[in-house]
$ cat coords_0.csv   # CSV, C-alpha atoms
chain,number,residue,atom,x,y,z
A,56,MET,CA,0.0,0.0,0.0
A,57,ASN,CA,1.2,3.5,-0.7
A,58,PRO,CA,0.9,6.4,1.8
A,59,LYS,CA,-2.4,7.7,0.4
A,60,GLN,CA,-4.0,4.2,0.6
A,61,ILE,CA,-2.7,3.6,4.1
A,62,ILE,CA,-4.1,6.9,5.5
A,63,GLN,CA,-7.4,6.4,3.7
A,64,GLU,CA,-7.8,3.1,5.5
A,65,ILE,CA,-6.8,4.4,8.9
A,66,VAL,CA,-9.1,7.5,8.8
A,67,ALA,CA,-12.0,5.4,7.5
A,68,GLU,CA,-11.7,3.3,10.7
A,69,LYS,CA,-10.9,5.9,13.4
A,70,GLU,CA,-10.8,9.6,14.2
A,71,VAL,CA,-7.1,10.7,14.3
A,72,ASP,CA,-6.1,13.8,16.3
A,73,GLN,CA,-2.4,13.2,16.8
A,74,VAL,CA,0.7,12.0,14.9
A,75,VAL,CA,3.8,10.9,16.8
A,76,PHE,CA,7.1,10.3,15.0
A,77,VAL,CA,9.5,7.9,16.7
A,78,GLY,CA,13.0,6.7,15.8
A,79,CYS,CA,16.7,6.8,16.8
A,80,GLY,CA,19.7,8.5,15.3
A,81,ALA,CA,19.5,9.2,11.6
A,82,SER,CA,16.1,7.6,11.3
A,83,LYS,CA,14.7,9.9,13.9
A,84,ALA,CA,16.2,12.8,12.0
A,85,ASP,CA,14.7,11.5,8.8
A,86,LEU,CA,11.2,11.9,10.3
A,87,TYR,CA,11.7,15.5,11.4
A,88,PRO,CA,10.7,17.2,8.1
A,89,ALA,CA,7.3,15.5,8.4
A,90,LYS,CA,6.8,16.6,11.9
A,91,TYR,CA,7.9,20.1,10.9
A,92,PHE,CA,5.4,20.2,8.1
A,93,LEU,CA,2.6,19.3,10.4
A,94,GLU,CA,3.7,21.9,13.0
A,95,GLN,CA,3.6,24.5,10.2
A,96,GLU,CA,0.5,23.5,8.3
A,97,ALA,CA,-1.9,21.7,10.7
A,98,LYS,CA,-4.5,23.8,12.5
A,99,GLU,CA,-5.9,21.0,14.8
A,100,LEU,CA,-3.9,17.9,14.1
A,101,ARG,CA,-1.1,17.6,16.8
A,102,ALA,CA,2.4,16.4,16.0
A,103,ALA,CA,5.2,15.2,18.2
A,104,HIS,CA,8.7,13.7,17.7
A,105,PHE,CA,10.6,11.4,20.0
A,106,THR,CA,13.7,9.4,20.3
A,107,ALA,CA,12.4,5.9,20.8
A,108,ASN,CA,13.6,5.1,24.3
A,109,GLU,CA,12.1,8.3,25.7
A,110,PHE,CA,8.9,7.3,24.1
A,111,ASN,CA,9.2,3.9,25.8
A,112,TYR,CA,10.0,5.2,29.3
A,113,ALA,CA,7.9,8.3,29.2
A,114,THR,CA,5.1,7.5,26.9
A,115,PRO,CA,2.8,10.6,26.6
A,116,VAL,CA,-0.6,10.0,28.1
A,117,SER,CA,-2.1,11.5,25.0
A,118,VAL,CA,-1.1,8.4,22.9
A,119,ASP,CA,-4.3,6.5,22.5
A,120,GLU,CA,-6.6,5.1,19.8
A,121,HIS,CA,-6.7,8.5,18.1
A,122,THR,CA,-3.0,8.5,17.5
A,123,VAL,CA,-0.9,7.4,14.5
A,124,VAL,CA,2.6,6.5,15.4
A,125,ILE,CA,5.1,6.6,12.5
A,126,SER,CA,8.3,4.8,13.3
A,127,ALA,CA,11.5,4.3,11.3
A,128,SER,CA,14.6,2.0,11.4
A,129,LEU,CA,16.8,1.4,8.4
A,130,GLY,CA,17.5,-2.2,9.2
A,131,GLY,CA,14.3,-2.7,11.1
A,132,THR,CA,16.2,-4.1,14.1
A,133,THR,CA,16.8,-1.1,16.4
A,134,PRO,CA,15.6,-2.5,19.7
A,135,GLU,CA,14.3,0.8,21.1
A,136,THR,CA,12.2,1.5,18.0
A,137,VAL,CA,10.8,-2.1,17.9
A,138,ALA,CA,9.8,-1.7,21.6
A,139,ALA,CA,8.3,1.7,20.7
A,140,ASN,CA,6.0,0.0,18.2
A,141,ARG,CA,4.8,-2.4,20.9
A,142,HIS,CA,4.3,0.5,23.4
A,143,ALA,CA,2.3,2.4,20.8
A,144,GLN,CA,0.0,-0.5,20.1
A,145,LYS,CA,-0.6,-1.2,23.8
A,146,SER,CA,-1.7,2.4,24.1
A,147,GLY,CA,-4.2,1.8,21.2
A,148,ALA,CA,-2.3,3.7,18.5
A,149,THR,CA,-2.0,2.7,14.9
A,150,VAL,CA,1.6,2.1,13.9
A,151,VAL,CA,3.1,2.8,10.4
A,152,SER,CA,6.7,1.7,10.1
A,153,LEU,CA,9.3,2.6,7.5
A,154,THR,CA,12.2,0.2,6.9
A,155,ARG,CA,14.2,-1.3,4.1
A,156,SER,CA,14.2,-4.8,5.6
A,157,VAL,CA,11.4,-7.1,4.7
A,158,ASP,CA,10.0,-9.2,7.6
A,159,SER,CA,12.3,-7.4,10.1
A,160,PRO,CA,11.3,-7.1,13.8
A,161,LEU,CA,10.0,-3.5,13.1
A,162,ALA,CA,7.9,-4.7,10.2
A,163,LYS,CA,6.4,-7.5,12.3
A,164,THR,CA,5.3,-5.1,15.1
A,165,ALA,CA,3.6,-2.5,12.8
A,166,ASP,CA,0.1,-2.3,11.5
A,167,TYR,CA,1.3,-1.0,8.2
A,168,VAL,CA,4.8,-1.1,6.6
A,169,ILE,CA,6.4,0.9,3.9
A,170,TYR,CA,9.6,-0.5,2.5
A,171,HIS,CA,12.1,2.0,1.1
A,172,GLY,CA,15.4,1.9,-0.7
A,173,PHE,CA,18.8,3.1,0.5
A,174,ALA,CA,21.9,1.7,-1.1
A,175,GLU,CA,20.8,2.0,-4.8
A,176,ASN,CA,21.8,5.7,-5.2
A,177,TYR,CA,21.7,9.1,-3.4
A,178,ALA,CA,18.0,9.6,-4.2
A,179,ALA,CA,17.1,6.2,-2.6
A,180,LYS,CA,18.7,7.4,0.7
A,181,LEU,CA,15.9,10.0,0.8
A,182,GLU,CA,13.0,7.7,0.5
A,183,LYS,CA,12.5,7.2,4.2
A,184,THR,CA,12.2,11.0,4.6
A,185,GLY,CA,10.0,11.2,1.6
A,186,TYR,CA,7.5,8.5,2.7
A,187,ALA,CA,7.3,10.1,6.2
A,188,LEU,CA,6.5,13.4,4.6
A,189,GLN,CA,4.0,11.9,2.3
A,190,LEU,CA,2.2,10.2,5.2
A,191,ALA,CA,2.1,13.6,7.0
A,192,VAL,CA,0.7,15.3,3.9
A,193,GLU,CA,-2.0,12.7,3.5
A,194,LEU,CA,-3.0,12.8,7.1
A,195,LEU,CA,-3.4,16.6,7.0
A,196,HIS,CA,-5.2,16.6,3.7
A,197,GLN,CA,-7.6,13.8,4.5
A,198,ILE,CA,-8.4,15.0,8.0
A,199,GLU,CA,-8.3,18.8,7.7
A,200,GLY,CA,-7.8,19.5,4.0
A,201,TYR,CA,-4.6,21.1,2.7
A,202,ALA,CA,-4.7,24.0,0.2
A,203,HIS,CA,-1.2,23.1,-1.2
A,204,TYR,CA,-1.7,19.4,-1.6
A,205,ASP,CA,-1.2,19.5,-5.4
A,206,SER,CA,2.0,21.5,-5.0
A,207,MET,CA,3.4,19.0,-2.6
A,208,GLN,CA,2.6,16.2,-5.1
A,209,GLU,CA,4.5,18.2,-7.7
A,210,GLY,CA,7.4,18.5,-5.3
A,211,PHE,CA,7.5,14.7,-4.6
A,212,GLU,CA,7.5,14.0,-8.4
A,213,LYS,CA,10.6,16.2,-8.9
A,214,ILE,CA,12.7,16.1,-5.7
A,215,TYR,CA,14.3,12.7,-6.1
A,216,GLU,CA,15.7,13.4,-9.6
A,217,LEU,CA,16.8,16.8,-8.5
A,218,ALA,CA,18.5,15.5,-5.3
A,219,GLN,CA,20.3,12.8,-7.3
A,220,ARG,CA,21.6,15.3,-9.9
A,221,SER,CA,22.6,17.7,-7.1
A,222,ALA,CA,24.7,14.9,-5.4
A,223,GLU,CA,26.3,14.0,-8.7
A,224,ALA,CA,27.2,17.7,-9.3
A,225,ALA,CA,28.7,18.1,-5.8
A,226,GLY,CA,31.9,16.1,-6.3
A,227,LYS,CA,34.3,19.0,-7.0
A,228,SER,CA,33.1,21.1,-4.0
A,229,ALA,CA,33.1,18.0,-1.8
A,230,LYS,CA,36.7,17.2,-2.6
A,231,LYS,CA,37.7,20.8,-1.8
A,232,PHE,CA,35.8,20.6,1.5
A,233,ALA,CA,37.5,17.3,2.4
A,234,GLU,CA,41.0,18.7,1.8
A,235,ARG,CA,40.2,21.8,3.9
A,236,PHE,CA,38.6,19.9,6.8
A,237,LYS,CA,40.4,16.5,6.9
A,238,ASP,CA,42.8,17.5,9.7
A,239,GLU,CA,40.1,19.0,12.0
A,240,SER,CA,39.4,17.3,15.3
A,241,GLY,CA,36.0,18.8,15.6
A,242,ILE,CA,33.4,20.5,13.4
A,243,TYR,CA,30.2,22.4,14.3
A,244,VAL,CA,27.1,22.0,12.2
A,245,MET,CA,23.9,24.2,12.0
A,246,SER,CA,20.8,24.7,10.0
A,247,SER,CA,17.2,25.8,10.4
A,248,GLY,CA,13.6,25.1,9.4
A,249,ALA,CA,12.8,21.6,8.1
A,250,SER,CA,16.6,21.0,7.8
A,251,HIS,CA,17.3,21.4,11.5
A,252,GLU,CA,17.7,17.7,12.1
A,253,VAL,CA,19.7,17.2,8.9
A,254,ALA,CA,22.3,19.3,10.8
A,255,TYR,CA,21.7,17.0,13.8
A,256,SER,CA,22.3,13.8,11.9
A,257,THR,CA,25.3,15.3,10.1
A,258,SER,CA,26.8,16.1,13.4
A,259,ALA,CA,25.8,13.0,15.5
A,260,CYS,CA,26.0,10.4,12.7
A,261,LEU,CA,28.3,11.5,9.9
A,262,MET,CA,30.8,13.3,12.1
A,263,MET,CA,30.7,11.6,15.5
A,264,GLU,CA,29.6,8.1,14.7
A,265,MET,CA,31.2,7.6,11.3
A,266,GLN,CA,34.3,9.8,11.6
A,267,TRP,CA,35.0,9.9,15.3
A,268,LEU,CA,35.2,13.7,15.2
A,269,HIS,CA,34.0,15.9,18.0
A,270,SER,CA,31.0,17.8,16.8
A,271,GLY,CA,28.1,19.9,18.1
A,272,THR,CA,24.9,21.0,16.4
A,273,PHE,CA,22.4,23.8,17.0
A,274,HIS,CA,19.6,25.6,15.2
A,275,SER,CA,20.9,28.6,13.2
A,276,GLY,CA,18.4,30.8,15.1
A,277,GLU,CA,19.9,29.7,18.4
A,278,PHE,CA,23.4,30.5,17.3
A,279,PHE,CA,23.3,34.0,18.8
A,280,HIS,CA,22.0,32.7,22.1
A,281,GLY,CA,25.1,30.9,23.3
A,282,PRO,CA,27.0,29.0,20.6
A,283,PHE,CA,28.4,32.1,18.8
A,284,GLU,CA,30.8,32.7,21.7
A,285,ILE,CA,33.1,30.0,20.4
A,286,VAL,CA,33.5,31.6,17.0
A,287,ASP,CA,37.1,32.7,16.2
A,288,ARG,CA,39.4,32.6,13.2
A,289,ASP,CA,39.6,29.2,11.6
A,290,VAL,CA,37.1,27.5,14.0
A,291,PRO,CA,35.3,25.0,11.7
A,292,PHE,CA,31.6,25.2,10.9
A,293,ILE,CA,29.3,23.6,8.4
A,294,LEU,CA,26.2,25.7,7.6
A,295,LEU,CA,23.4,23.8,5.7
A,296,MET,CA,21.6,26.8,4.2
A,297,ASN,CA,17.9,26.7,3.3
A,298,ASP,CA,16.1,28.2,0.4
A,299,GLY,CA,12.8,29.5,1.7
A,300,ARG,CA,11.3,31.2,4.7
A,301,THR,CA,14.2,30.5,7.2
A,302,ARG,CA,16.9,31.6,4.8
A,303,ASP,CA,17.4,34.9,6.5
A,304,ILE,CA,18.1,33.0,9.8
A,305,ASP,CA,20.9,31.1,8.2
A,306,ALA,CA,22.2,34.2,6.4
A,307,ARG,CA,22.5,36.1,9.7
A,308,ALA,CA,24.6,33.3,11.1
A,309,LEU,CA,26.7,33.1,8.0
A,310,ALA,CA,27.4,36.9,8.2
A,311,PHE,CA,28.7,36.5,11.7
A,312,LEU,CA,30.9,33.5,10.8
A,313,GLU,CA,32.4,35.5,7.9
A,314,ARG,CA,32.9,38.6,10.1
A,315,PHE,CA,35.3,36.7,12.3
A,316,ASP,CA,36.9,34.5,9.7
A,317,ALA,CA,35.6,31.2,10.9
A,318,LYS,CA,36.5,28.2,8.7
A,319,THR,CA,33.0,27.9,7.2
A,320,GLU,CA,31.7,25.5,4.6
A,321,VAL,CA,28.2,26.4,3.2
A,322,VAL,CA,26.0,23.8,1.5
A,323,ASP,CA,23.2,25.8,0.0
A,324,SER,CA,20.0,24.5,-1.5
A,325,LEU,CA,19.8,27.6,-3.7
A,326,ASP,CA,23.0,26.6,-5.4
A,327,TYR,CA,21.3,23.4,-6.6
A,328,GLY,CA,18.2,25.1,-8.0
A,329,LEU,CA,15.7,24.0,-5.5
A,330,SER,CA,13.4,27.0,-5.9
A,331,SER,CA,13.4,26.7,-9.7
A,332,HIS,CA,12.0,23.2,-9.4
A,333,ILE,CA,9.7,23.2,-6.4
A,334,PRO,CA,6.6,25.5,-6.0
A,335,ALA,CA,7.3,28.4,-3.6
A,336,GLU,CA,4.5,27.7,-1.3
A,337,VAL,CA,6.0,24.3,-0.3
A,338,LEU,CA,9.7,25.0,-0.9
A,339,ASP,CA,10.6,24.8,2.8
A,340,TYR,CA,9.8,21.2,3.1
A,341,PHE,CA,12.1,20.0,0.3
A,342,ASN,CA,15.3,21.6,1.5
A,343,PRO,CA,16.2,18.5,3.6
A,344,PHE,CA,16.3,16.3,0.5
A,345,VAL,CA,18.8,18.3,-1.4
A,346,LEU,CA,21.0,19.1,1.6
A,347,THR,CA,21.0,15.4,2.7
A,348,ALA,CA,21.9,14.1,-0.7
A,349,VAL,CA,24.7,16.7,-1.3
A,350,PHE,CA,26.3,16.4,2.1
A,351,ARG,CA,26.4,12.6,1.8
A,352,VAL,CA,28.9,13.2,-1.0
A,353,TYR,CA,30.8,15.6,1.2
A,354,ALA,CA,31.0,12.9,4.0
A,355,GLU,CA,32.2,10.3,1.5
A,356,GLU,CA,35.0,12.6,0.3
A,357,LEU,CA,35.9,13.5,3.9
A,358,ALA,CA,36.1,9.8,4.8
A,359,SER,CA,38.4,9.2,1.9
A,360,ALA,CA,40.7,12.1,2.7
A,361,ARG,CA,40.9,11.0,6.3
A,362,GLN,CA,41.3,7.3,5.3
A,363,HIS,CA,38.5,6.5,7.8
A,364,PRO,CA,35.6,4.6,6.0
A,365,LEU,CA,32.1,5.6,6.9
A,366,THR,CA,31.4,2.0,7.9
A,367,LYS,CA,34.2,1.9,10.6
A,368,ARG,CA,33.0,1.5,14.2
A,369,ARG,CA,34.6,1.0,17.6
A,370,TYR,CA,31.4,0.2,19.7
A,371,MET,CA,28.3,0.1,17.5
A,372,TRP,CA,27.2,-3.4,16.8
A,373,LYS,CA,30.4,-4.7,18.4
A,374,LEU,CA,29.6,-4.5,22.2
A,375,SER,CA,26.6,-5.0,24.4
A,376,TYR,CA,25.2,-1.7,25.4

$ encode --input "coords_0.csv" --output "structure tokens"
Amino acid sequence: MNPKQIIQEIVAEKEVDQVVFVGCGASKADLYPAKYFLEQEAKELRAAHFTANEFNYATPVSVDEHTVVISASLGGTTPETVAANRHAQKSGATVVSLTRSVDSPLAKTADYVIYHGFAENYAAKLEKTGYALQLAVELLHQIEGYAHYDSMQEGFEKIYELAQRSAEAAGKSAKKFAERFKDESGIYVMSSGASHEVAYSTSACLMMEMQWLHSGTFHSGEFFHGPFEIVDRDVPFILLMNDGRTRDIDARALAFLERFDAKTEVVDSLDYGLSSHIPAEVLDYFNPFVLTAVFRVYAEELASARQHPLTKRRYMWKLSY
């Protein structure tokens, strides 16, 4: 079943007043654009976003038969997220899970499953984010109605090809970035809007987990409320810059970084033509696709320059924890 059919079936059987997104690490971050979309566009439908184990230990009392829980795990085996599915169902919620692994524990504990790609190409790595966002759009449109539904569908039709082309075009810039940053011991990452947790996963997963680099992440709008005090000449920053309503927030942070000669790498959706392909009224929600695809190339080049494969781990999957 596709997202539209799944939501049609759910809302035909129950009244839905809340959507809760649950995952861990990069999968949690991949759900954020959908949650952000509902926060921005829904008038009555509530949205929440949890790391899975907090959902398990501190399940909101509002989670009940009127709740749809959307969970995600790439391999479908993340123990905390599998447990979250069970917690959600015990509370009466309907669970829709996103994974690439057929018959995985996550799939077996969900009411509905959508299988996505990942390894095929850069566009496939975005399918989890895309399906979550499609589910959110369908929930809003079928429950409240959504004026820009057709524009979102146009965006979905175009974004994967655009993101793939953008990633393929990023190689030269990515190599320059890798050479500039390969000897850093730590890198800060920030963004805003729907891309806020793209910055989070870039920091937590690509930098800390996959490169063993010290890293911190914060919203571009919060930069001036604490983090900017560490700015100095050659302090390394990555700014994932949005094309849309929050661009001025990112631009303000960039101006400060440049003012004090911080070592700044900007990855900008505007440079890859996002606004010339996606309708303006829904532009904000498609930034994460381009930024995620492009920065994956940057991460691959950094890993190569540092001779530290993205697959290398010290603890993950090797110890009991």

$ closest_residue --input "coords_0.csv" --among "A:Ala348, A:Ile293, A:Leu329, A:Ala308" --to "A:Thr184" --atoms "only C-alpha atoms"
A:Ala348

$ atom_distance --input "coords_0.csv" --atom1 "atom CA of A:Ala225" --atom2 "atom CA of A:Leu346"
10.7 Å

$ residues_around --input "coords_0.csv" --residues "stretch 215-220 of chain A" --least-positions-apart "3" --cutoff "8 Å" --atoms "only C-alpha atoms" --output "ChimeraX atom specification"
/A:176-179,181,211-212,223-224,329,344-345,348-349

$ closest_residue --input "coords_0.csv" --among "A:Asn108, A:Ser152, A:Asn342, A:Ser146" --to "A:His171" --atoms "only C-alpha atoms"
A:Ser152

$ residues_around --input "coords_0.csv" --residues "A:Ser128" --least-positions-apart "5" --cutoff "7 Å" --atoms "all atoms listed in the file" --output "list in words"
Gly78, Ser82, Thr133, Leu153 and Thr154 of chain A

$ atom_distance --input "coords_0.csv" --atom1 "atom CA of A:Glu99" --atom2 "atom CA of A:Pro334"
24.7 Å

$ atom_distance --input "coords_0.csv" --atom1 "atom CA of A:Tyr201" --atom2 "atom CA of A:Val77"
23.9 Å

$ closest_residue --input "coords_0.csv" --among "A:Val137, A:Ile242, A:Val74, A:Val322" --to "A:Ala107" --atoms "all atoms listed in the file"
A:Val137

$ closest_residue --input "coords_0.csv" --among "A:Asp119, A:Met265, A:Ala317, A:Leu188" --to "A:Phe283" --atoms "all atoms listed in the file"
A:Ala317

$ closest_residue --input "coords_0.csv" --among "A:Gly210, A:Gly276, A:Gly299, A:Gly248" --to "A:Lys90" --atoms "only C-alpha atoms"
A:Gly248

$ closest_residue --input "coords_0.csv" --among "A:Ile65, A:Ala360, A:Ala89, A:Val192" --to "A:Pro343" --atoms "all atoms listed in the file"
A:Ala89

$ residues_around --input "coords_0.csv" --residues "A:Ser275" --least-positions-apart "2" --cutoff "8 Å" --atoms "all atoms listed in the file" --output "list in words"
Met245, Ser246, Ser247, Phe273, Glu277, Phe278, Ile304, Asp305 and Ala308 of chain A

$ residues_near_point --input "coords_0.csv" --point "(14.0, 9.2, 19.8)" --cutoff "10 Å" --atoms "all atoms listed in the file" --output "PDB file with C-alpha atoms, in the coordinates of the input"
ATOM      1  CA  PHE A  76       7.100  10.300  15.000  1.00  0.00           C
ATOM      2  CA  VAL A  77       9.500   7.900  16.700  1.00  0.00           C
ATOM      3  CA  GLY A  78      13.000   6.700  15.800  1.00  0.00           C
ATOM      4  CA  CYS A  79      16.700   6.800  16.800  1.00  0.00           C
ATOM      5  CA  GLY A  80      19.700   8.500  15.300  1.00  0.00           C
ATOM      6  CA  ALA A  81      19.500   9.200  11.600  1.00  0.00           C
ATOM      7  CA  SER A  82      16.100   7.600  11.300  1.00  0.00           C
ATOM      8  CA  LYS A  83      14.700   9.900  13.900  1.00  0.00           C
ATOM      9  CA  ALA A  84      16.200  12.800  12.000  1.00  0.00           C
ATOM     10  CA  HIS A 104       8.700  13.700  17.700  1.00  0.00           C
ATOM     11  CA  PHE A 105      10.600  11.400  20.000  1.00  0.00           C
ATOM     12  CA  THR A 106      13.700   9.400  20.300  1.00  0.00           C
ATOM     13  CA  ALA A 107      12.400   5.900  20.800  1.00  0.00           C
ATOM     14  CA  ASN A 108      13.600   5.100  24.300  1.00  0.00           C
ATOM     15  CA  GLU A 109      12.100   8.300  25.700  1.00  0.00           C
ATOM     16  CA  PHE A 110       8.900   7.300  24.100  1.00  0.00           C
ATOM     17  CA  ASN A 111       9.200   3.900  25.800  1.00  0.00           C
ATOM     18  CA  SER A 126       8.300   4.800  13.300  1.00  0.00           C
ATOM     19  CA  GLU A 135      14.300   0.800  21.100  1.00  0.00           C
ATOM     20  CA  THR A 136      12.200   1.500  18.000  1.00  0.00           C
ATOM     21  CA  ALA A 139       8.300   1.700  20.700  1.00  0.00           C
TER      22      ALA A 139
END

$ residues_near_point --input "coords_0.csv" --point "(23.4, 10.2, 11.1)" --cutoff "12 Å" --atoms "only C-alpha atoms" --output "PyMOL selection string"
chain A and resi 78-85+129+180+252-266+347+350-351+354+365-366

$ build_atoms --input "coords_0.csv" --residues "stretch 237-249 of chain A" --atoms "N, CA, C and O atoms" --output "short mmCIF file (atom, residue, chain, number, x, y, z; two decimals), in the frame of the given file"
data_model
loop_
_atom_site.label_atom_id
_atom_site.label_comp_id
_atom_site.auth_asym_id
_atom_site.auth_seq_id
_atom_site.Cartn_x
_atom_site.Cartn_y
_atom_site.Cartn_z
N LYS A 237 40.01 17.89 6.54
CA LYS A 237 40.40 16.50 6.90
C LYS A 237 41.24 16.45 8.17
O LYS A 237 41.25 15.40 8.84
N ASP A 238 41.92 17.53 8.54
CA ASP A 238 42.80 17.50 9.70
C ASP A 238 42.12 18.09 10.97
O ASP A 238 42.76 18.20 12.02
N GLU A 239 40.86 18.46 10.86
CA GLU A 239 40.10 19.00 12.00
C GLU A 239 39.81 17.90 13.01
O GLU A 239 39.53 16.77 12.63
N SER A 240 39.82 18.24 14.28
CA SER A 240 39.40 17.30 15.30
C SER A 240 37.97 17.43 15.71
O SER A 240 37.39 16.56 16.37
N GLY A 241 37.38 18.55 15.32
CA GLY A 241 36.00 18.80 15.60
C GLY A 241 35.38 19.79 14.66
O GLY A 241 36.08 20.67 14.15
N ILE A 242 34.08 19.63 14.37
CA ILE A 242 33.40 20.50 13.40
C ILE A 242 31.97 20.75 13.94
O ILE A 242 31.26 19.81 14.32
N TYR A 243 31.55 22.01 13.95
CA TYR A 243 30.20 22.40 14.30
C TYR A 243 29.28 22.42 13.11
O TYR A 243 29.73 22.77 12.02
N VAL A 244 28.00 22.07 13.31
CA VAL A 244 27.10 22.00 12.20
C VAL A 244 25.76 22.70 12.60
O VAL A 244 25.26 22.51 13.71
N MET A 245 25.22 23.52 11.70
CA MET A 245 23.90 24.20 12.00
C MET A 245 23.06 24.33 10.75
O MET A 245 23.55 24.35 9.63
N SER A 246 21.77 24.45 11.00
CA SER A 246 20.80 24.70 10.00
C SER A 246 19.51 25.19 10.64
O SER A 246 19.49 25.44 11.85
N SER A 247 18.44 25.31 9.86
CA SER A 247 17.20 25.80 10.40
C SER A 247 16.01 25.15 9.67
O SER A 247 16.20 24.32 8.77
N GLY A 248 14.80 25.54 10.06
CA GLY A 248 13.60 25.10 9.40
C GLY A 248 13.49 23.56 9.34
O GLY A 248 13.85 22.86 10.29
N ALA A 249 13.00 23.04 8.22
CA ALA A 249 12.80 21.60 8.10
C ALA A 249 14.15 20.85 8.06
O ALA A 249 14.18 19.63 8.24
#
